[in-house]
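Written out below as structure tokens is the structure these notes cover.
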Amino acid sequence: MPLPELPQIPPPGTLPRIRPCGNAAAHPAYDRGVVRVLAVSDEVDEGLCADPGVAREAELILACGDLPFDYLDYLMNALDVPLVFVPGNHDPDVSGYRASRTGLILRAGLPASPPWPDGAGNADCQIVDAAGLRVAGLGGCRRYREGPNQYTDRQQARRARVLSRRAGRHKRRDGKGVDVLLTHAPPKGVGDGDDAPHQGFTALHSLVARLQPALLLHGHVPAYDAATQDHRLGSTAVRNVIGRHLLDVEPGGRAASQTHPGQRHAR
Ligand SMILES: [Zn+2]
């Protein structure tokens, strides 16, 4: 979907750092068995730009794509918490980057500068641990035109199998499963749209069955009434997070507990 004009964002280095106050700062919520997540997707939230303090309790930002990287950079720095994202179909190609043993980022064997904000975690087809949660990511939407981050159902199914194998390797190593599956497009028939660009992926059904995350967060589908309802896929809660949402997620839990719908833009 087209992005609105980006609101005024203060230049780097001029942001007030917003930290949890009182006991929350000394004892992060994920030590108490729950992680407060700020989930964002598709639409720049002007209220959040004007006052990031409305999400000051967030300990992790999860971004489902189609948001300007300077907006993500702004949120990450203002809240001073980790950020994990997957790309949407309006984002640049983020594939092919890897860190060398010395920490140098390479692409096609050459030093490269990724387009995403410094310190953010690209979860596309990857497993990322952050703030006590394990996140598996699968960005992109169904191919409907030329451009990056678009896949046929068959291509996405192949990527889903790669992601599932990676999750399995992590689980064998430390026993931990995936808490959140972060995608751009929804599963087919679960809050998706009828038009070709907004149809969901069939492959996400079997991926959810294998990973059994507590929560699947996605964007991409305009927040019409049907799309703004929460859905379930087996024991997994599925939420379209266009705009912004605050949610409490229990690491290793079977379900997201006590979710707090945030500001949601319907258009
Ligand atoms: Zn999209």
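Here, A, B, ... name the chains of the structure tokens in the order displayed, residue numbers run from 1 inside each chain, and ligands are numbered from 1 in the same displayed order.
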
Excluding A:Ala185 and its own-chain neighbours fewer than 5 positions away, which residues fall within 8 Å of it when counting only C-alpha atoms? Please give them as a VMD selection string.
chain A and resid 139 to 142 192 198 to 201 218 to 221

Just write the chosen residues, N, CA and C atoms, as a CSV table (one decimal), in the first residue's frame.
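Wrote out36.csv, looks like this:
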```csv
chain,number,residue,atom,x,y,z
A,139,GLY,N,9.4,-12.8,5.3
A,139,GLY,CA,8.9,-11.5,4.7
A,139,GLY,C,8.3,-11.8,3.3
A,140,GLY,N,7.9,-10.7,2.7
A,140,GLY,CA,7.4,-10.7,1.3
A,140,GLY,C,5.9,-11.1,1.2
A,141,CYS,N,5.4,-10.8,0.0
A,141,CYS,CA,4.0,-11.1,-0.3
A,141,CYS,C,4.0,-11.9,-1.6
A,142,ARG,N,2.8,-12.3,-2.0
A,142,ARG,CA,2.6,-13.0,-3.3
A,142,ARG,C,3.0,-12.2,-4.5
A,192,ASP,N,-6.6,-12.6,5.0
A,192,ASP,CA,-6.0,-12.0,3.8
A,192,ASP,C,-7.1,-11.4,2.9
A,198,HIS,N,-3.0,-9.1,-2.3
A,198,HIS,CA,-3.2,-9.3,-0.8
A,198,HIS,C,-3.7,-10.7,-0.4
A,199,GLN,N,-3.6,-11.6,-1.4
A,199,GLN,CA,-3.9,-13.0,-1.0
A,199,GLN,C,-2.8,-13.5,-0.1
A,200,GLY,N,-3.1,-14.4,0.8
A,200,GLY,CA,-2.1,-14.9,1.7
A,200,GLY,C,-1.4,-16.1,1.1
A,201,PHE,N,-0.4,-16.6,1.9
A,201,PHE,CA,0.4,-17.8,1.4
A,201,PHE,C,-0.1,-19.1,2.0
A,218,HIS,N,1.5,-10.2,11.2
A,218,HIS,CA,1.7,-9.8,9.8
A,218,HIS,C,1.1,-8.4,9.6
A,219,GLY,N,1.4,-7.9,8.4
A,219,GLY,CA,0.8,-6.6,7.9
A,219,GLY,C,0.3,-6.8,6.5
A,220,HIS,N,0.5,-5.9,5.7
A,220,HIS,CA,0.3,-6.0,4.2
A,220,HIS,C,-1.2,-5.8,3.8
A,221,VAL,N,-2.1,-6.4,4.6
A,221,VAL,CA,-3.5,-6.3,4.2
A,221,VAL,C,-4.2,-5.1,4.8
```

Report task. Could you find all residues in stretch 22-225 of chain A that DSSP calls strand (DSSP E) from the backbone, and write them as an MDAnalysis selection string? Result -> chainID A and resid 35:41 60:63 83:85 97:99 105:107 110:111 121:122 127:130 133:138 141:142 150:151 180:183 215:218

Can you write just those residues out, C-alpha atoms, as an mmCIF file, in the first residue's frame?
```
data_model
loop_
_atom_site.group_PDB
_atom_site.id
_atom_site.type_symbol
_atom_site.label_atom_id
_atom_site.label_comp_id
_atom_site.auth_asym_id
_atom_site.auth_seq_id
_atom_site.Cartn_x
_atom_site.Cartn_y
_atom_site.Cartn_z
ATOM 1 C CA VAL A 35 7.851 -9.472 27.073
ATOM 2 C CA ARG A 36 6.053 -6.321 26.006
ATOM 3 C CA VAL A 37 6.268 -5.965 22.244
ATOM 4 C CA LEU A 38 5.617 -2.925 20.073
ATOM 5 C CA ALA A 39 4.460 -4.325 16.728
ATOM 6 C CA VAL A 40 4.402 -2.015 13.705
ATOM 7 C CA SER A 41 3.637 -2.443 10.040
ATOM 8 C CA LEU A 60 11.205 -5.220 21.705
ATOM 9 C CA ILE A 61 10.001 -3.785 18.394
ATOM 10 C CA LEU A 62 8.754 -6.222 15.772
ATOM 11 C CA ALA A 63 8.213 -4.736 12.310
ATOM 12 C CA LEU A 83 14.219 -4.198 16.659
ATOM 13 C CA VAL A 84 13.577 -7.220 14.461
ATOM 14 C CA PHE A 85 11.986 -6.873 11.034
ATOM 15 C CA TYR A 97 23.905 -10.208 3.381
ATOM 16 C CA ARG A 98 25.948 -12.197 5.869
ATOM 17 C CA ALA A 99 28.447 -11.432 8.619
ATOM 18 C CA ILE A 105 29.022 -7.558 6.531
ATOM 19 C CA LEU A 106 29.475 -9.152 3.127
ATOM 20 C CA ARG A 107 27.284 -9.502 0.079
ATOM 21 C CA LEU A 110 32.353 -8.209 -0.944
ATOM 22 C CA PRO A 111 32.056 -5.772 1.975
ATOM 23 C CA GLY A 121 17.824 -7.711 13.087
ATOM 24 C CA ASN A 122 16.780 -8.895 9.645
ATOM 25 C CA ILE A 127 15.717 -17.195 13.430
ATOM 26 C CA VAL A 128 16.489 -14.217 15.664
ATOM 27 C CA ASP A 129 16.578 -14.209 19.477
ATOM 28 C CA ALA A 130 15.835 -10.821 21.034
ATOM 29 C CA LEU A 133 11.798 -14.110 22.590
ATOM 30 C CA ARG A 134 12.615 -16.354 19.662
ATOM 31 C CA VAL A 135 11.400 -14.854 16.392
ATOM 32 C CA ALA A 136 11.168 -16.660 13.058
ATOM 33 C CA GLY A 137 10.664 -14.390 10.054
ATOM 34 C CA LEU A 138 9.314 -14.815 6.544
ATOM 35 C CA CYS A 141 4.022 -11.126 -0.349
ATOM 36 C CA ARG A 142 2.626 -13.033 -3.299
ATOM 37 C CA GLN A 150 7.587 -11.086 -3.821
ATOM 38 C CA TYR A 151 7.211 -14.846 -4.201
ATOM 39 C CA VAL A 180 6.608 -15.319 17.275
ATOM 40 C CA LEU A 181 6.351 -15.934 13.551
ATOM 41 C CA LEU A 182 6.876 -12.544 11.909
ATOM 42 C CA THR A 183 5.604 -12.256 8.337
ATOM 43 C CA LEU A 215 1.715 -15.624 17.814
ATOM 44 C CA LEU A 216 1.845 -14.825 14.092
ATOM 45 C CA LEU A 217 2.172 -11.106 13.369
ATOM 46 C CA HIS A 218 1.688 -9.801 9.835
#
```

**Message:** What does the list of residues within 6 Å of ligand 1 look like if you count only C-alpha atoms and all ligand atoms, written as a list in words?
**Reply:** Asp66, Gly88, Asn89 and His220 of chain A

- Task: Enumerate the residues of stretch 24-256 of chain A with a DSSP assignment of helix (DSSP H, G or I), computed from the backbone, and present them as a ChimeraX atom specification.
- Result: /A:24-26,29-32,46-50,52-55,69-79,153-174,196-198,203-211,225-228

With only C-alpha atoms counted and 9 Å as the cut-off, give the residues of stretch 207-232 of chain A in contact with stretch 158-165 of chain A, each with its shortest interatomic distance in Å and the pair that gives it, as JSON lines.
```
{"residue": "A:Leu207", "atom": "CA", "partner": "A:Ala160", "partner_atom": "CA", "distance": 6.3}
{"residue": "A:Arg210", "atom": "CA", "partner": "A:Ser164", "partner_atom": "CA", "distance": 7.2}
{"residue": "A:Leu211", "atom": "CA", "partner": "A:Ser164", "partner_atom": "CA", "distance": 6.9}
```

Å distance separating atom CA of A:Arg56 from atom CA of A:Asp80, one decimal place =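 Atom-to-atom, atom CA of A:Arg56 to atom CA of A:Asp80, that is 9.4 Å.
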
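With only C-alpha atoms as the basis for measurement, A:Pro197 is the residue among A:Pro197, A:Pro213, A:Gly252, A:Gly177 that approaches A:Thr152 most closely.
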
For A:Asp124, which residue out of A:Val86, A:Ile242, A:Val34, A:Val190 is the nearest one, using only C-alpha atoms?
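Looking only at the distances to A:Asp124, the closest residue turns out to be A:Val86.
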